[in-house]
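Asker: Below is the structure I would like to discuss, written out as structure tokens.
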Amino acid sequence: MIDTDLKPQAVGVFDSGVGGLSVLAALLAHLPFERFDFIADERHLPYGDKPQHEITDRVLTLSNWLHNKGCKAMVMACNTATAAAAGQARATYANWPIVGMEPAVKPASLMTRTGVVGILATTNTVASERFKNLVERYEPLARVVAKPCPGLVELIETSPLPHREIEILLEPLVHDLLAHQADVIVLGCTHYPFVAPIISRLAGPGVAVIETGLPVAKQLKARLDSEGLLATHPAAAAVGERVNFFTTGDPVAFRAKLLNLLGEEWADARIQALAV
Ligand code: DGL
């Protein structure tokens, strides 16, 4: 008899690089029985400044690989990829649960006291139709000031993190948001939570800095549950056993970043080169 129980299968996750690790950390914590196949598409990074058709092409290539591998669902752990191609991916795999990222404009609009929400995201996310529609939806609640951050993703992909350069890049952007009276800053790119302490320090104590890892983990859990796909048995004793990593870049460099960003407990992580 063929085993058709998909519950023990992994959930596929991808990003252009290490940004997806900020989402993966939330997924591991919130879904303790699940396993994950994680792709970092580092050979094609950054997505934030690429033409739309190239991002769509990468999204469909990676989705196809994860789908063929047997993943029971997929998380697009990248705001830029979601904004560019979530529609095409969902149309291609109609019966496959796909969860995407969306900048936290809704919670920020409900939180702000000044009525101004700041967003930091990639150039492509800020320019996207999807983002414009999102901002329009919450316009009655808050004014949204969005700042693209070209160059920031590349700095966050550097190990160890070049703190001073990151601060120099971010300082004028954060100050501009403060000049507009923003009291909430939304991190609209999954790489940025790794520099949230720098952003908080630049913004000062009166400004909330929010990200989307946990809401996405909750959304995935609800979706898996409603489809009868939620794993019901412990996946493995050690957290490192629960993920298979794949990179289209250099696995040695990826391991250094992984340890630097998520900690030494990932020293024995399984990381394979992926040629797609
Ligand atoms: N981490 C991705 C995001 O959430 C994009 C980074 C990139 O520009 O490649 O938007």
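Following the order of the structure tokens, chains are lettered A, B, ..., residues in each are numbered from 1, and ligands are numbered from 1.
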Counting only C-alpha atoms and all ligand atoms, give me one row per residue of chain A with an atom at most 7 Å from an atom of ligand 1, showing the shortest contact pair and its distance in Å to one decimal, sorted by chain then residue number, as a Markdown table.

Answerer:
| residue | atom | partner | partner_atom_place_in_ligand_line | distance |
| --- | --- | --- | --- | --- |
| A:Asp15 | CA | ligand 1 | 1 (N) | 5.8 |
| A:Ser16 | CA | ligand 1 | 9 (O) | 4.7 |
| A:Gly17 | CA | ligand 1 | 9 (O) | 6.6 |
| A:Gly19 | CA | ligand 1 | 1 (N) | 4.5 |
| A:Gly20 | CA | ligand 1 | 1 (N) | 6.2 |
| A:Leu45 | CA | ligand 1 | 9 (O) | 4.8 |
| A:Pro46 | CA | ligand 1 | 9 (O) | 3.3 |
| A:Tyr47 | CA | ligand 1 | 9 (O) | 3.6 |
| A:Gly48 | CA | ligand 1 | 8 (O) | 3.4 |
| A:Asp49 | CA | ligand 1 | 8 (O) | 6.5 |
| A:Ala77 | CA | ligand 1 | 4 (O) | 6.5 |
| A:Cys78 | CA | ligand 1 | 4 (O) | 3.5 |
| A:Asn79 | CA | ligand 1 | 4 (O) | 3.8 |
| A:Thr80 | CA | ligand 1 | 10 (O) | 3.9 |
| A:Ala81 | CA | ligand 1 | 10 (O) | 6.6 |
| A:Ala121 | CA | ligand 1 | 10 (O) | 6.6 |
| A:Thr122 | CA | ligand 1 | 10 (O) | 5.8 |
| A:Thr125 | CA | ligand 1 | 10 (O) | 6.7 |
| A:Val153 | CA | ligand 1 | 6 (C) | 5.7 |
| A:Gly188 | CA | ligand 1 | 4 (O) | 6.5 |
| A:Cys189 | CA | ligand 1 | 4 (O) | 3.4 |
| A:Thr190 | CA | ligand 1 | 4 (O) | 3.9 |
| A:His191 | CA | ligand 1 | 1 (N) | 4.8 |

Asker: Can those selected residues be exported to a file as a PDB file, in the first residue's frame so that it contains N, CA, C and O atoms?

Answerer:
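Okay, this is what ended up in result.pdb:
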ATOM      1  N   ASP A  15      14.153  31.755   0.412  1.00  0.00           N
ATOM      2  CA  ASP A  15      14.420  33.190   0.364  1.00  0.00           C
ATOM      3  C   ASP A  15      15.596  33.371  -0.590  1.00  0.00           C
ATOM      4  O   ASP A  15      16.245  32.393  -0.975  1.00  0.00           O
ATOM      5  N   SER A  16      15.895  34.629  -0.922  1.00  0.00           N
ATOM      6  CA  SER A  16      17.081  34.883  -1.737  1.00  0.00           C
ATOM      7  C   SER A  16      18.359  34.569  -0.951  1.00  0.00           C
ATOM      8  O   SER A  16      19.418  34.412  -1.550  1.00  0.00           O
ATOM      9  N   GLY A  17      18.264  34.508   0.374  1.00  0.00           N
ATOM     10  CA  GLY A  17      19.471  34.271   1.166  1.00  0.00           C
ATOM     11  C   GLY A  17      19.142  34.016   2.618  1.00  0.00           C
ATOM     12  O   GLY A  17      18.194  33.281   2.926  1.00  0.00           O
ATOM     13  N   GLY A  19      17.884  35.943   4.838  1.00  0.00           N
ATOM     14  CA  GLY A  19      16.693  36.596   5.392  1.00  0.00           C
ATOM     15  C   GLY A  19      15.658  35.583   5.848  1.00  0.00           C
ATOM     16  O   GLY A  19      15.049  35.718   6.909  1.00  0.00           O
ATOM     17  N   GLY A  20      15.513  34.524   5.058  1.00  0.00           N
ATOM     18  CA  GLY A  20      14.537  33.495   5.398  1.00  0.00           C
ATOM     19  C   GLY A  20      14.817  32.831   6.742  1.00  0.00           C
ATOM     20  O   GLY A  20      13.928  32.226   7.341  1.00  0.00           O
ATOM     21  N   LEU A  45      21.000  36.480  -5.515  1.00  0.00           N
ATOM     22  CA  LEU A  45      20.742  37.570  -4.568  1.00  0.00           C
ATOM     23  C   LEU A  45      21.382  38.877  -5.064  1.00  0.00           C
ATOM     24  O   LEU A  45      22.442  38.790  -5.684  1.00  0.00           O
ATOM     25  N   PRO A  46      20.869  40.055  -4.837  1.00  0.00           N
ATOM     26  CA  PRO A  46      19.606  40.324  -4.160  1.00  0.00           C
ATOM     27  C   PRO A  46      18.421  40.329  -5.132  1.00  0.00           C
ATOM     28  O   PRO A  46      18.566  40.725  -6.282  1.00  0.00           O
ATOM     29  N   TYR A  47      17.264  39.888  -4.649  1.00  0.00           N
ATOM     30  CA  TYR A  47      16.035  39.958  -5.452  1.00  0.00           C
ATOM     31  C   TYR A  47      15.521  41.410  -5.524  1.00  0.00           C
ATOM     32  O   TYR A  47      14.802  41.768  -6.444  1.00  0.00           O
ATOM     33  N   GLY A  48      15.887  42.179  -4.520  1.00  0.00           N
ATOM     34  CA  GLY A  48      15.268  43.508  -4.342  1.00  0.00           C
ATOM     35  C   GLY A  48      15.504  44.489  -5.462  1.00  0.00           C
ATOM     36  O   GLY A  48      14.776  45.475  -5.588  1.00  0.00           O
ATOM     37  N   ASP A  49      16.541  44.248  -6.285  1.00  0.00           N
ATOM     38  CA  ASP A  49      16.848  45.181  -7.370  1.00  0.00           C
ATOM     39  C   ASP A  49      16.749  44.511  -8.746  1.00  0.00           C
ATOM     40  O   ASP A  49      17.196  45.055  -9.739  1.00  0.00           O
ATOM     41  N   ALA A  77       9.558  32.855   2.216  1.00  0.00           N
ATOM     42  CA  ALA A  77      10.068  33.649   3.339  1.00  0.00           C
ATOM     43  C   ALA A  77      10.782  34.895   2.837  1.00  0.00           C
ATOM     44  O   ALA A  77      11.871  35.246   3.302  1.00  0.00           O
ATOM     45  N   CYS A  78      10.156  35.554   1.883  1.00  0.00           N
ATOM     46  CA  CYS A  78      10.762  36.698   1.204  1.00  0.00           C
ATOM     47  C   CYS A  78       9.645  37.636   0.766  1.00  0.00           C
ATOM     48  O   CYS A  78       8.769  37.232  -0.003  1.00  0.00           O
ATOM     49  N   ASN A  79       9.699  38.873   1.245  1.00  0.00           N
ATOM     50  CA  ASN A  79       8.663  39.842   0.870  1.00  0.00           C
ATOM     51  C   ASN A  79       8.737  40.185  -0.615  1.00  0.00           C
ATOM     52  O   ASN A  79       7.707  40.343  -1.275  1.00  0.00           O
ATOM     53  N   THR A  80       9.969  40.306  -1.135  1.00  0.00           N
ATOM     54  CA  THR A  80      10.144  40.706  -2.536  1.00  0.00           C
ATOM     55  C   THR A  80       9.584  39.631  -3.466  1.00  0.00           C
ATOM     56  O   THR A  80       8.886  39.946  -4.436  1.00  0.00           O
ATOM     57  N   ALA A  81       9.870  38.370  -3.162  1.00  0.00           N
ATOM     58  CA  ALA A  81       9.378  37.259  -3.988  1.00  0.00           C
ATOM     59  C   ALA A  81       7.862  37.165  -3.904  1.00  0.00           C
ATOM     60  O   ALA A  81       7.188  36.931  -4.916  1.00  0.00           O
ATOM     61  N   ALA A 121      11.943  48.433   3.351  1.00  0.00           N
ATOM     62  CA  ALA A 121      11.773  47.236   2.504  1.00  0.00           C
ATOM     63  C   ALA A 121      12.704  47.360   1.303  1.00  0.00           C
ATOM     64  O   ALA A 121      13.422  48.360   1.164  1.00  0.00           O
ATOM     65  N   THR A 122      12.684  46.357   0.427  1.00  0.00           N
ATOM     66  CA  THR A 122      13.533  46.449  -0.769  1.00  0.00           C
ATOM     67  C   THR A 122      12.882  47.375  -1.795  1.00  0.00           C
ATOM     68  O   THR A 122      11.680  47.662  -1.727  1.00  0.00           O
ATOM     69  N   THR A 125       9.908  45.674  -3.490  1.00  0.00           N
ATOM     70  CA  THR A 125       8.700  45.552  -2.657  1.00  0.00           C
ATOM     71  C   THR A 125       7.972  46.892  -2.605  1.00  0.00           C
ATOM     72  O   THR A 125       6.750  46.958  -2.806  1.00  0.00           O
ATOM     73  N   VAL A 153      20.670  44.473   2.114  1.00  0.00           N
ATOM     74  CA  VAL A 153      20.660  43.002   2.078  1.00  0.00           C
ATOM     75  C   VAL A 153      22.081  42.448   1.882  1.00  0.00           C
ATOM     76  O   VAL A 153      22.497  41.512   2.568  1.00  0.00           O
ATOM     77  N   GLY A 188       9.984  45.361   6.399  1.00  0.00           N
ATOM     78  CA  GLY A 188       9.286  44.750   5.269  1.00  0.00           C
ATOM     79  C   GLY A 188      10.180  43.883   4.412  1.00  0.00           C
ATOM     80  O   GLY A 188       9.896  43.670   3.219  1.00  0.00           O
ATOM     81  N   CYS A 189      11.257  43.388   4.983  1.00  0.00           N
ATOM     82  CA  CYS A 189      12.168  42.463   4.285  1.00  0.00           C
ATOM     83  C   CYS A 189      12.670  41.499   5.339  1.00  0.00           C
ATOM     84  O   CYS A 189      13.027  41.912   6.450  1.00  0.00           O
ATOM     85  N   THR A 190      12.704  40.215   5.015  1.00  0.00           N
ATOM     86  CA  THR A 190      13.026  39.207   6.032  1.00  0.00           C
ATOM     87  C   THR A 190      14.501  39.234   6.459  1.00  0.00           C
ATOM     88  O   THR A 190      14.855  38.631   7.468  1.00  0.00           O
ATOM     89  N   HIS A 191      15.339  39.935   5.706  1.00  0.00           N
ATOM     90  CA  HIS A 191      16.728  40.101   6.159  1.00  0.00           C
ATOM     91  C   HIS A 191      16.812  41.075   7.344  1.00  0.00           C
ATOM     92  O   HIS A 191      17.718  40.959   8.180  1.00  0.00           O
TER      93      HIS A 191
END

Asker: DSSP on the backbone: which residues in region 5-244 of chain A end up as alpha helix (DSSP H)? Give the answer as a PyMOL selection string.

Answerer: chain A and resi 19-30+52-69+79-92+105-111+123-127+129-138+152-156+163-179+196-203+213-226

Asker: Taking the DSSP assignment computed from this structure's backbone, write out as an MDAnalysis selection string all residues of region 36-244 of chain A that belong to strand (DSSP E or B).

Answerer: chainID A and resid 36:40 73:76 98:99 116:121 143:148 184:187 208:210 243:244

Asker: Which polymer residues have any atom within 9 Å of an atom of Glu265 (chain A), counting only C-alpha atoms, with same-chain residues fewer than 4 positions away left out, as a PyMOL selection string?

Answerer: chain A and resi 239-240+259+269

Asker: Could you please determine the separation between CA of Ala85 (chain A) and CA of Leu152 (chain A) in Å, to one decimal place?

Answerer: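 Distance between the two atoms: 22.1 Å.
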
Asker: So that I can check the surroundings of Ala86 (chain A), please list as a PDB file with C-alpha atoms, in the first residue's frame every protein, DNA and RNA residue that reaches within 12 Å of it, counting only C-alpha atoms and ignoring chain neighbours fewer than 2 positions away.

Answerer:
ATOM      1  CA  ILE A  55      12.271  37.077  -9.752  1.00  0.00           C
ATOM      2  CA  THR A  56       9.195  35.278 -11.113  1.00  0.00           C
ATOM      3  CA  ASP A  57      11.469  32.839 -12.905  1.00  0.00           C
ATOM      4  CA  ARG A  58      13.399  32.090  -9.690  1.00  0.00           C
ATOM      5  CA  VAL A  59      10.193  31.746  -7.640  1.00  0.00           C
ATOM      6  CA  LEU A  60       8.742  29.218 -10.088  1.00  0.00           C
ATOM      7  CA  SER A  63       8.697  26.223  -6.025  1.00  0.00           C
ATOM      8  CA  MET A  74       5.657  26.110   1.044  1.00  0.00           C
ATOM      9  CA  VAL A  75       6.546  29.337   2.814  1.00  0.00           C
ATOM     10  CA  MET A  76       7.843  32.158   0.630  1.00  0.00           C
ATOM     11  CA  ALA A  77      10.068  33.649   3.339  1.00  0.00           C
ATOM     12  CA  CYS A  78      10.762  36.698   1.204  1.00  0.00           C
ATOM     13  CA  ASN A  79       8.663  39.842   0.870  1.00  0.00           C
ATOM     14  CA  THR A  80      10.144  40.706  -2.536  1.00  0.00           C
ATOM     15  CA  ALA A  81       9.378  37.259  -3.988  1.00  0.00           C
ATOM     16  CA  THR A  82       5.862  37.292  -2.548  1.00  0.00           C
ATOM     17  CA  ALA A  83       5.136  40.756  -3.952  1.00  0.00           C
ATOM     18  CA  ALA A  84       6.450  39.760  -7.387  1.00  0.00           C
ATOM     19  CA  GLN A  88       1.852  32.958 -10.274  1.00  0.00           C
ATOM     20  CA  ALA A  89       3.093  30.374  -7.765  1.00  0.00           C
ATOM     21  CA  ARG A  90      -0.424  29.854  -6.377  1.00  0.00           C
ATOM     22  CA  ALA A  91      -1.901  29.631  -9.879  1.00  0.00           C
ATOM     23  CA  THR A  92       0.725  27.027 -10.843  1.00  0.00           C
ATOM     24  CA  TYR A  93       0.155  24.836  -7.764  1.00  0.00           C
ATOM     25  CA  ALA A  94      -3.531  25.304  -7.050  1.00  0.00           C
ATOM     26  CA  PRO A  97      -0.648  25.404   0.504  1.00  0.00           C
ATOM     27  CA  ILE A  98       1.577  28.446  -0.094  1.00  0.00           C
ATOM     28  CA  VAL A  99       2.107  31.055   2.627  1.00  0.00           C
ATOM     29  CA  GLY A 100       3.741  34.349   1.667  1.00  0.00           C
ATOM     30  CA  MET A 101       5.118  37.402   3.466  1.00  0.00           C
ATOM     31  CA  GLU A 102       3.394  40.759   3.712  1.00  0.00           C
ATOM     32  CA  ARG A 130       0.766  44.426  -4.055  1.00  0.00           C
TER      33      ARG A 130
END

Asker: Write out as an MDAnalysis selection string the residues lying within 12 Å of Phe36 (chain A), counting only C-alpha atoms and excluding same-chain residues fewer than 5 positions away.

Answerer: chainID A and resid 8:14 20:21 23:25 27:28 31 66 69:75 231 235:236 239:246 270

Asker: Which value, in Å to one decimal, gives the distance between CA of Thr247 (chain A) and CA of Phe38 (chain A)?

Answerer: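 Calculated distance between CA of Thr247 (chain A) and CA of Phe38 (chain A) is 8.3 Å.
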
Asker: Listing only residues of region 118-153 of chain A within 12 Å of region 202-224 of chain A, what is the closest atom pair and its distance in Å (to one decimal) for each, using only C-alpha atoms, sorted by chain and residue number ascending, as JSON lines?

Answerer:
{"residue": "A:Gly118", "atom": "CA", "partner": "A:Val209", "partner_atom": "CA", "distance": 9.4}
{"residue": "A:Ile119", "atom": "CA", "partner": "A:Val209", "partner_atom": "CA", "distance": 9.6}
{"residue": "A:Leu120", "atom": "CA", "partner": "A:Val209", "partner_atom": "CA", "distance": 10.3}
{"residue": "A:Ala121", "atom": "CA", "partner": "A:Glu211", "partner_atom": "CA", "distance": 11.3}

Asker: Residues of the last selection are to be written out with C-alpha atoms, as a compact mmCIF listing (two decimals), in the first residue's frame.

Answerer:
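Okay, again-v5.txt is ready:
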# COMPACT_ATOMS: atom_id res chain seq x y z
CA GLY A 118 7.38 53.86 8.56
CA ILE A 119 8.35 50.90 6.37
CA LEU A 120 11.79 49.70 5.44
CA ALA A 121 11.77 47.24 2.50

Asker: Go through A:Val186, A:Ile39, A:Ala29, A:Ile199 and flag the residue nearest Val105 (chain A), using only C-alpha atoms for the distances.

Answerer: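 Using only C-alpha atoms, the shortest distance to Val105 (chain A) belongs to A:Val186.
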
Asker: Calculate how many Å separate CA of Ala179 (chain A) from CA of Glu139 (chain A), rounding to one decimal.

Answerer: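 Distance reported for this atom pair: 19.3 Å.
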